[in-house]
Structure formats: C-alpha cells, structure tokens
Amino acid sequence: MIALKLAFRNLFGAGLRTWLNVSVLSFAFVVIVLYNGILDGWNKQAYNDTQEWAVGNGQLWHSAYDPYDPYCLQDAHATISDKLSTLIKAKQITPVLITQAAIFPQGRLQNILLKGIDPDQNIVKIPSAALKTSDSTITAVIGKRTAMSARLKKGDNILMRWRDKNGTFDAKEILIIDIFSANVPSIDNGQIWISLANLQKMTGMTNEATLFITSKQYSGADIENWKFKGLSFLMKDIDEVMKSKKGSSTIIYGLLLAIALLAIFDTQVLSVFKRQKEIGTYIALGMTRRSVINIFTIEGSAHSILAIILGSIYGIPLLAFLQTHGLPMPKNMDSYGLSIADKIIPVYSMGLIMSTILLVVISSTIVSYFPTRKISKMKPTDALKGKIQ
Amino acid sequence: MKKLVFVILSLLVLGFTNPTPVSILEKVDKNMSSINRIMEASMTINGKRATKTITSKTWSEGMKKSFTEYLSPATEKGTKMLKLDGQLWIYSPSTDRIIEISGNMLRQSVMGSDLSYEDMMDDRKMTDLYSEKLLKTDTINGTKTWLIQLTAKVTDIAYYTQKMWVDTAKCVPLKQELYGKSGQLLKKIEYKNVKYVQGRWFPYTFVYKDMLKDSKGTEFKITSILFDQTIPAATFTKASLKQ
C-alpha cells in the first residue's frame, strides 16, 4: 500500500514528463481497442451478411461442385430425390442450379454465372419473389455490382446466351426485374439469378440442382451424393482475411505501444539514475532492495493505470460515437471480393477491453521492472552519498 | 386448269433440276469431311481495339484426336496442344511444362476469337447430325446456291438449326447461319477462296462472326491442307508435346 501511495505521489510529482508518457500510452490503448473493435465489427457484419444472403446455415453440394472452377458446372448437377423434395417442402433446404452463360451488354461479351433459385424460398435474402411471372418472359434479378459492370438498370432487356445440358446453344432476351443491394459479392459479382423452373427448362436439367442452401432447421447431415458444408467451411475465406488483417494490425498497434513503452523505459532508467540518494535512504530506513524495486516498478506500471483512466475519459465518448454512427468505408472496398458494408459498426467486447487493459498493464510493468534491477546491485552507502554507480 | 398444270410442271422441273437435300449434304460431306487432315493456317482475330494473327499447324483425326503447334506470334510460338477425346493438354515452351486443362475448355473461344475449339474441330458428317430441307435456290456473290435448312437429329450438337448456302456447281458451303434452339441467330460463317485439292473442292478461307457480339469477326485462312494422310500414331501422344 505504501509502495502504491509513494508511486502515485512520485508520478504526480514528476509533472509534465508523467503526463506525456501517460498520453502516449493512453493513445495506444484507445487505438488498440478501436482497431480491434473495427475488425470485430467487420467480421460480425461479414458473417451475418454472408449467412443471410449466401450460405444460410450451410450448404449441400453436389460431389463434383467446386465454386472456384466454373468448368465443373457442366457435370455438377443431379436430380432432386424424394428425400430432398420432402426437405424442400418443409422449408429446410432450397435448391440452386448453376450454369455458365454470357450476356452481351453494349455488344461486348461478358461471361456470367446463371443461377436458378426457387421464387418461394425464404432461406436467403435474394429477392427471388420478384421472379414469379405468369408469362414466358425470362425475368432476372441481379446485384448492384453486376448492374454496374454491365451498365444495366431495372427494366432493361439484355441478350443472354447459354448452353443446355448437351452443349446446344440458345440465346434469348431477359428482363432485369430487380436490382438488389447486398454486402456479399459472392452472390452478386458476374451473376444473374432467374427462377429455378426457367433455368431447368432452358438447360433441360429438369428437377436438377447444383447445391442446396439450408435453413437453421436442417440437421447438417450429408444426403446421398450431396456433401454438407458447414459454416466453418463456408466462412473460411472471411476467417482467413480477418486473421491476416489482425496480423497486420498487430504490427501497427505494436509499434505504437512500443513507442509508449520506450518512453516509460526511458523514464525508469532516468529515475534510477537520478534518485540514488532516495534509494539509499529507503534502504537505510530498513527497506529491502526487493521493496525498493517494487516501489519503482509500481511507479512505472502506474503509468498504465493513469493511461487507462485518461484513455477512458476521451476514448469512451469517441468509441461510443463511432459505434452509434459507424465508420464509413470507401465506395469500392467491396470490389476486392470482400463482404463489407458501407459503414462498419465497431464491436467492443468485454474480452477485447479486458485483454487490452492486461496487455497495457503487463507490458508497462515489464518495461518498468527491467531498469530497476540495477537497484539490487547498489551499495546503500554509495547510494546515500549520491555516487554514480 | 392452266394454272394447275403450270404449278405441276414447275414442281416437276424443280424436282428434276434440284437434287434431294440428302444428296446435296452427302456431296458437301464428301468435300468437307475426311479421315484425317494436316493443315497450316492463320487466324486473324479482329477485336474491337486490336487485330492479332496467329499461325498454326494442325494434325487431326475426326473430332477425337488433334495436335496443334502454334508457329507465330513470338509469344505463342512453340506452344503445343493435344486433344484426345475429352482431355486437353497444353505445352508451353517458356515453362517447359505440360498442363492438363479441363475438357470443358473445348467449349470456350480459341484465343479470344469468334470460334470455339469445338467449332474448329467438329468434323462429323452433316448427314449424321442434321435432318435437311431444301428451302430454295439463291445467289451469293453471283454464284448459284441451294439454301438448305438443317435441324439437329442428335442431342450432342452446338447449334440446333442451321441455314447453309451450298454452291450448286462445287457442292461446298459458301455461307452458313447457325441458330440457337429458340431461333436466335448466333453465328455466321462465310466460306471463300474455294480451291480444288486432292479430288475435292474445299474453301481455304472461313470468316466467323459471332452475331451477338459487336466484333468484326475472325478470319481463318488455310495456307496448306492435306487430306487422308498417314499420320504416325505417336503424333497423338503426350510425348510429342515436348518434341
């Protein structure tokens, strides 16, 4: 207790030097919480959006399906069995048929993935209900990215060419009935969604599908030739991006923290050097060297406590403001294929805050301790005289 | 009555002067199909911004076996391609490696041109693939032609219907229009520079035009062609790619 009192008294006594150290450390503390909060917020948003728009609660893939190989689509389809039909009726799964096609906006060829979805499904947020039509027109919904790259707008007609299951070409105009705005590029970039029945008819793949999107009610088991892919598998890309982002962010805030810790280290070295008489007095009064080291170490690590308090004073309103209003992202960020919203809402979990506090306190205690080890080698008589040792 | 006699006579005259569409197609097949062929050709791709010409030498046997060596431009020189049934291998001299490519690539455009690998290699007989109907006689660039409508009778075919203008004298196609199942015109092919070679008439220049795309088309010019030669079996092996 005496050590703590002495530490704070000495710190306040040091005046501006203490507050400079504390300010830099508090800045590092706030930046660490903010940066990790942004990444956690982005991660949460990407997870939620990908689930809601693309993967549901997992997918059942045809054994030949590989989303990274468009040429596999020629073989990656099979008949929907009775067992699967029962699950479709129970709204546990919804079928998606995928094939390659080409559109010709302004006379230039643009390869696309043509996807058929049940207009009555409600497992993912793709506006499939718009695909219900009574006449023979092929209606389609596309995402904002495809609309932008092909310069299409709602109500436009576009010529599309595709092949049936035997490889026979056909081409027809399709009507863009709706353009959706989703933060998930994997259901948008270079893709056109039409009704499943239309695509099955166009390709001659009657009652066939490439994959099924599952709802929360689905058990998550493989069925016949269809392999279940869970969220951990389907979200692997997002996880890896986050892992790499966290890695690079560690370098940034590591540097910031290192600057603050270096300042504390420097202060401690100076204190031990300049306050030798004080150290000698403590020992002469009966304190053990260990107790004196404790006083100096606590004094150094008390910087971190003051930094956390100072950081909270200006950091809490700042972080709360960003959590309420979100952090606007540059417009074309999602063109890199990452699921990212227009605004990121940071998420500050208790775990994040506590781990950051521990990081700051422990690291400043360690850097405060090292310079004080010199005290254990000091001769008390020389220290009392103020002799340089 | 006079009108009826005139119509009957006209039909009879047409019947005698025009051979049956099957016989026309058989003659076309005789000219255009072969057991194998060795061909040197240049392909000029007229893109929107630039034009590029690729020359190659091809040894082929029907639809299933084909070996191509690219001769120019410098960036493609030495690249070799082997196709056996549904499998496709490419050898690149810059990496000195043979890469197997998905057979589905055969449905893609050849080096950004207006024709696919299967367009280029489909050497099956028309009579085996299509049922035919003689529509009328027509004239193309002053040459008298029969206009035949072809409708697919097999399922594994790229174009469901075709219109073919066949030179009445030489029995080679001079123009072809390829349609999708719903009747959309997809491609046009013009055949020019018809020469007599090894007892058959054969067009030495093909101009392919993708009708859905805004392009000037692709010109395929044969510089030399030999039909029904003895091609060593070793030509159609992976070992020949690195030679």
# chains A, B, ... in the order shown; residues from 1 in each chain; ligands from 1
>>> residues_around(residues="Asp228 of chain B", least_positions_apart="5", cutoff="12 Å", atoms="only C-alpha atoms", output="MDAnalysis selection string")
chainID B and resid 32:39 59:62 197:200
>>> residues_around(residues="segment 41-57 of chain B", least_positions_apart="5", cutoff="10 Å", atoms="only C-alpha atoms", output="ChimeraX atom specification")
/A:108 /B:67-80,110-115,204-209,214-225
>>> atom_distance(atom1="atom CA of Ile158 of chain A", atom2="atom CA of Ile138 of chain A")
10.4 Å
>>> interface_residues(of="chain A", to="chain B", cutoff="10 Å", atoms="only C-alpha atoms", output="JSON, numbers by chain")
{"A": [69, 70, 71, 72, 73, 74, 75, 102, 103, 104, 105, 106, 107, 108, 109, 110, 159, 160, 161, 162, 163, 164, 165, 166, 167, 168, 169, 170, 171, 172, 173, 202]}
>>> residues_around(residues="Tyr218 of chain A", least_positions_apart="3", cutoff="7 Å", atoms="only C-alpha atoms", output="PDB file with N, CA and C atoms, in the first residue's frame")
ATOM      1  N   GLN A  92     -36.659 -26.636 -45.192  1.00  0.00           N
ATOM      2  CA  GLN A  92     -35.363 -26.847 -44.518  1.00  0.00           C
ATOM      3  C   GLN A  92     -34.196 -26.579 -45.473  1.00  0.00           C
ATOM      4  N   THR A 214     -29.250 -24.414 -46.837  1.00  0.00           N
ATOM      5  CA  THR A 214     -30.056 -24.968 -45.734  1.00  0.00           C
ATOM      6  C   THR A 214     -30.480 -23.879 -44.749  1.00  0.00           C
ATOM      7  N   SER A 215     -31.583 -24.157 -44.047  1.00  0.00           N
ATOM      8  CA  SER A 215     -32.047 -23.238 -43.001  1.00  0.00           C
ATOM      9  C   SER A 215     -31.585 -23.773 -41.643  1.00  0.00           C
TER      10      SER A 215
END
>>> residues_around(residues="Thr79 of chain A", least_positions_apart="6", cutoff="8 Å", atoms="only C-alpha atoms", output="PyMOL selection string")
chain A and resi 206-209
>>> write_last_selection(atoms="C-alpha atoms", output="PDB file, in the first residue's frame")
ATOM      1  CA  THR A 206     -35.469 -30.993 -65.242  1.00  0.00           C
ATOM      2  CA  ASN A 207     -35.772 -31.314 -61.451  1.00  0.00           C
ATOM      3  CA  GLU A 208     -32.000 -30.942 -61.026  1.00  0.00           C
ATOM      4  CA  ALA A 209     -29.833 -28.796 -58.748  1.00  0.00           C
TER       5      ALA A 209
END
>>> residues_around(residues="Asn141 of chain B", least_positions_apart="4", cutoff="12 Å", atoms="only C-alpha atoms", output="list in words")
Thr145, Trp165, Asp167, Leu174, Lys175, Glu190, Tyr191 and Lys192 of chain B
>>> select_by_dssp(residues="segment 14-198 of chain B", states="strand (DSSP E)", output="MDAnalysis selection string")
chainID B and resid 36:46 51:61 65:72 80:84 87:92 97:101 130:140 143:152 161:167 173:179 185:197
>>> write_last_selection(atoms="C-alpha atoms", output="compact mmCIF listing (two decimals), in the first residue's frame")
# COMPACT_ATOMS: atom_id res chain seq x y z
CA ASN B 36 -7.65 -37.03 -91.18
CA ARG B 37 -6.06 -33.75 -92.22
CA ILE B 38 -2.80 -31.86 -91.85
CA MET B 39 -3.33 -28.16 -92.11
CA GLU B 40 -1.33 -24.98 -91.82
CA ALA B 41 -3.44 -21.92 -91.25
CA SER B 42 -3.50 -18.38 -89.96
CA MET B 43 -6.26 -16.99 -87.79
CA THR B 44 -6.83 -13.24 -87.72
CA ILE B 45 -8.89 -12.08 -84.75
CA ASN B 46 -10.39 -8.66 -85.39
CA THR B 51 -6.16 -7.23 -84.54
CA LYS B 52 -3.94 -10.23 -83.94
CA THR B 53 -2.87 -13.04 -86.22
CA ILE B 54 -1.92 -16.50 -85.04
CA THR B 55 -0.46 -19.15 -87.33
CA SER B 56 -0.55 -22.83 -86.52
CA LYS B 57 -0.10 -26.32 -87.91
CA THR B 58 -2.67 -28.94 -87.01
CA TRP B 59 -2.80 -32.70 -87.39
CA SER B 60 -6.30 -34.04 -86.74
CA GLU B 61 -8.30 -37.24 -86.96
CA LYS B 65 -7.74 -36.56 -81.94
CA SER B 66 -5.97 -33.32 -82.65
CA PHE B 67 -2.45 -31.97 -82.26
CA THR B 68 -1.70 -28.28 -82.87
CA GLU B 69 1.57 -26.40 -82.84
CA TYR B 70 1.49 -22.61 -82.81
CA LEU B 71 4.04 -21.04 -85.15
CA SER B 72 3.53 -17.34 -84.51
CA LYS B 80 1.51 -27.14 -78.49
CA MET B 81 -1.91 -28.50 -77.78
CA LEU B 82 -3.06 -32.11 -77.73
CA LYS B 83 -6.68 -33.14 -77.60
CA LEU B 84 -7.69 -36.75 -77.08
CA GLN B 87 -8.90 -34.44 -72.49
CA LEU B 88 -6.76 -31.46 -73.39
CA TRP B 89 -3.06 -30.85 -72.68
CA ILE B 90 -1.07 -27.71 -73.39
CA TYR B 91 2.70 -27.49 -73.55
CA SER B 92 4.25 -24.09 -73.04
CA ARG B 97 5.75 -27.96 -68.72
CA ILE B 98 2.71 -29.88 -69.87
CA ILE B 99 -0.51 -28.77 -68.24
CA GLU B 100 -3.76 -30.73 -68.42
CA ILE B 101 -6.74 -28.49 -68.96
CA TYR B 130 -28.84 -32.98 -89.16
CA SER B 131 -32.05 -33.66 -90.99
CA GLU B 132 -32.28 -31.42 -94.00
CA LYS B 133 -34.81 -29.45 -96.01
CA LEU B 134 -34.18 -27.65 -99.30
CA LEU B 135 -35.70 -24.18 -98.97
CA LYS B 136 -34.90 -22.54 -102.30
CA THR B 137 -32.16 -21.66 -104.74
CA ASP B 138 -30.32 -18.42 -104.06
CA THR B 139 -27.39 -16.43 -105.39
CA ILE B 140 -24.34 -15.41 -103.36
CA THR B 143 -22.76 -17.93 -107.55
CA LYS B 144 -25.89 -20.05 -107.70
CA THR B 145 -26.57 -21.85 -104.41
CA TRP B 146 -29.04 -24.17 -102.76
CA LEU B 147 -30.34 -22.91 -99.44
CA ILE B 148 -30.76 -25.84 -97.08
CA GLN B 149 -32.26 -25.75 -93.62
CA LEU B 150 -30.70 -28.19 -91.20
CA THR B 151 -32.31 -29.32 -87.95
CA ALA B 152 -30.37 -31.37 -85.42
CA THR B 161 -30.60 -25.34 -86.53
CA GLN B 162 -28.53 -24.06 -89.42
CA LYS B 163 -29.07 -22.49 -92.79
CA MET B 164 -26.49 -23.46 -95.36
CA TRP B 165 -25.96 -21.97 -98.79
CA VAL B 166 -24.29 -24.64 -100.94
CA ASP B 167 -22.55 -23.87 -104.24
CA PRO B 173 -20.94 -24.34 -98.42
CA LEU B 174 -20.50 -20.65 -99.22
CA LYS B 175 -22.36 -19.32 -96.23
CA GLN B 176 -23.75 -20.76 -93.03
CA GLU B 177 -26.01 -19.28 -90.39
CA LEU B 178 -26.09 -21.00 -87.02
CA TYR B 179 -29.14 -20.64 -84.78
CA LEU B 185 -29.14 -16.19 -84.96
CA LEU B 186 -25.84 -16.88 -83.16
CA LYS B 187 -23.09 -17.09 -85.76
CA LYS B 188 -22.45 -16.52 -89.43
CA ILE B 189 -19.72 -18.25 -91.39
CA GLU B 190 -18.66 -17.22 -94.86
CA TYR B 191 -16.56 -19.59 -96.95
CA LYS B 192 -14.32 -18.08 -99.60
CA ASN B 193 -11.43 -18.93 -101.87
CA VAL B 194 -12.71 -22.38 -102.87
CA LYS B 195 -9.92 -24.49 -104.41
CA TYR B 196 -9.71 -27.94 -105.92
CA VAL B 197 -7.41 -30.09 -103.80
>>> residues_around(residues="segment 342-351 of chain A", least_positions_apart="3", cutoff="8 Å", atoms="only C-alpha atoms", output="list in words")
Val33, Leu34, Asn36, Gly37, Ile38, Leu39, Asp40, Gly41, Trp42, Gln45, Leu322, Gln323, Thr324, His325, Gly326, Leu327, Pro328, Met329, Pro330, Lys331, Met354 and Ser355 of chain A
>>> write_last_selection(atoms="C-alpha atoms", output="PDB file, in the first residue's frame")
ATOM      1  CA  VAL A  33      -9.437  -1.042 -28.709  1.00  0.00           C
ATOM      2  CA  LEU A  34     -10.721   0.911 -31.727  1.00  0.00           C
ATOM      3  CA  ASN A  36      -9.732  -4.423 -32.930  1.00  0.00           C
ATOM      4  CA  GLY A  37     -13.302  -3.198 -32.466  1.00  0.00           C
ATOM      5  CA  ILE A  38     -13.464  -2.262 -36.159  1.00  0.00           C
ATOM      6  CA  LEU A  39     -12.106  -5.674 -37.197  1.00  0.00           C
ATOM      7  CA  ASP A  40     -14.518  -7.486 -34.872  1.00  0.00           C
ATOM      8  CA  GLY A  41     -17.387  -5.350 -36.192  1.00  0.00           C
ATOM      9  CA  TRP A  42     -16.425  -6.063 -39.781  1.00  0.00           C
ATOM     10  CA  GLN A  45     -21.165  -7.946 -40.220  1.00  0.00           C
ATOM     11  CA  LEU A 322     -18.235   5.558 -33.745  1.00  0.00           C
ATOM     12  CA  GLN A 323     -20.384   2.680 -32.532  1.00  0.00           C
ATOM     13  CA  THR A 324     -23.519   4.769 -32.956  1.00  0.00           C
ATOM     14  CA  HIS A 325     -22.672   6.365 -36.301  1.00  0.00           C
ATOM     15  CA  GLY A 326     -20.412   3.689 -37.816  1.00  0.00           C
ATOM     16  CA  LEU A 327     -17.195   4.195 -39.707  1.00  0.00           C
ATOM     17  CA  PRO A 328     -17.818   4.974 -43.412  1.00  0.00           C
ATOM     18  CA  MET A 329     -15.889   2.749 -45.815  1.00  0.00           C
ATOM     19  CA  PRO A 330     -14.524   3.818 -49.215  1.00  0.00           C
ATOM     20  CA  LYS A 331     -17.042   3.162 -52.019  1.00  0.00           C
ATOM     21  CA  MET A 354     -10.006  -6.589 -20.667  1.00  0.00           C
ATOM     22  CA  SER A 355      -7.314  -8.127 -22.854  1.00  0.00           C
TER      23      SER A 355
END
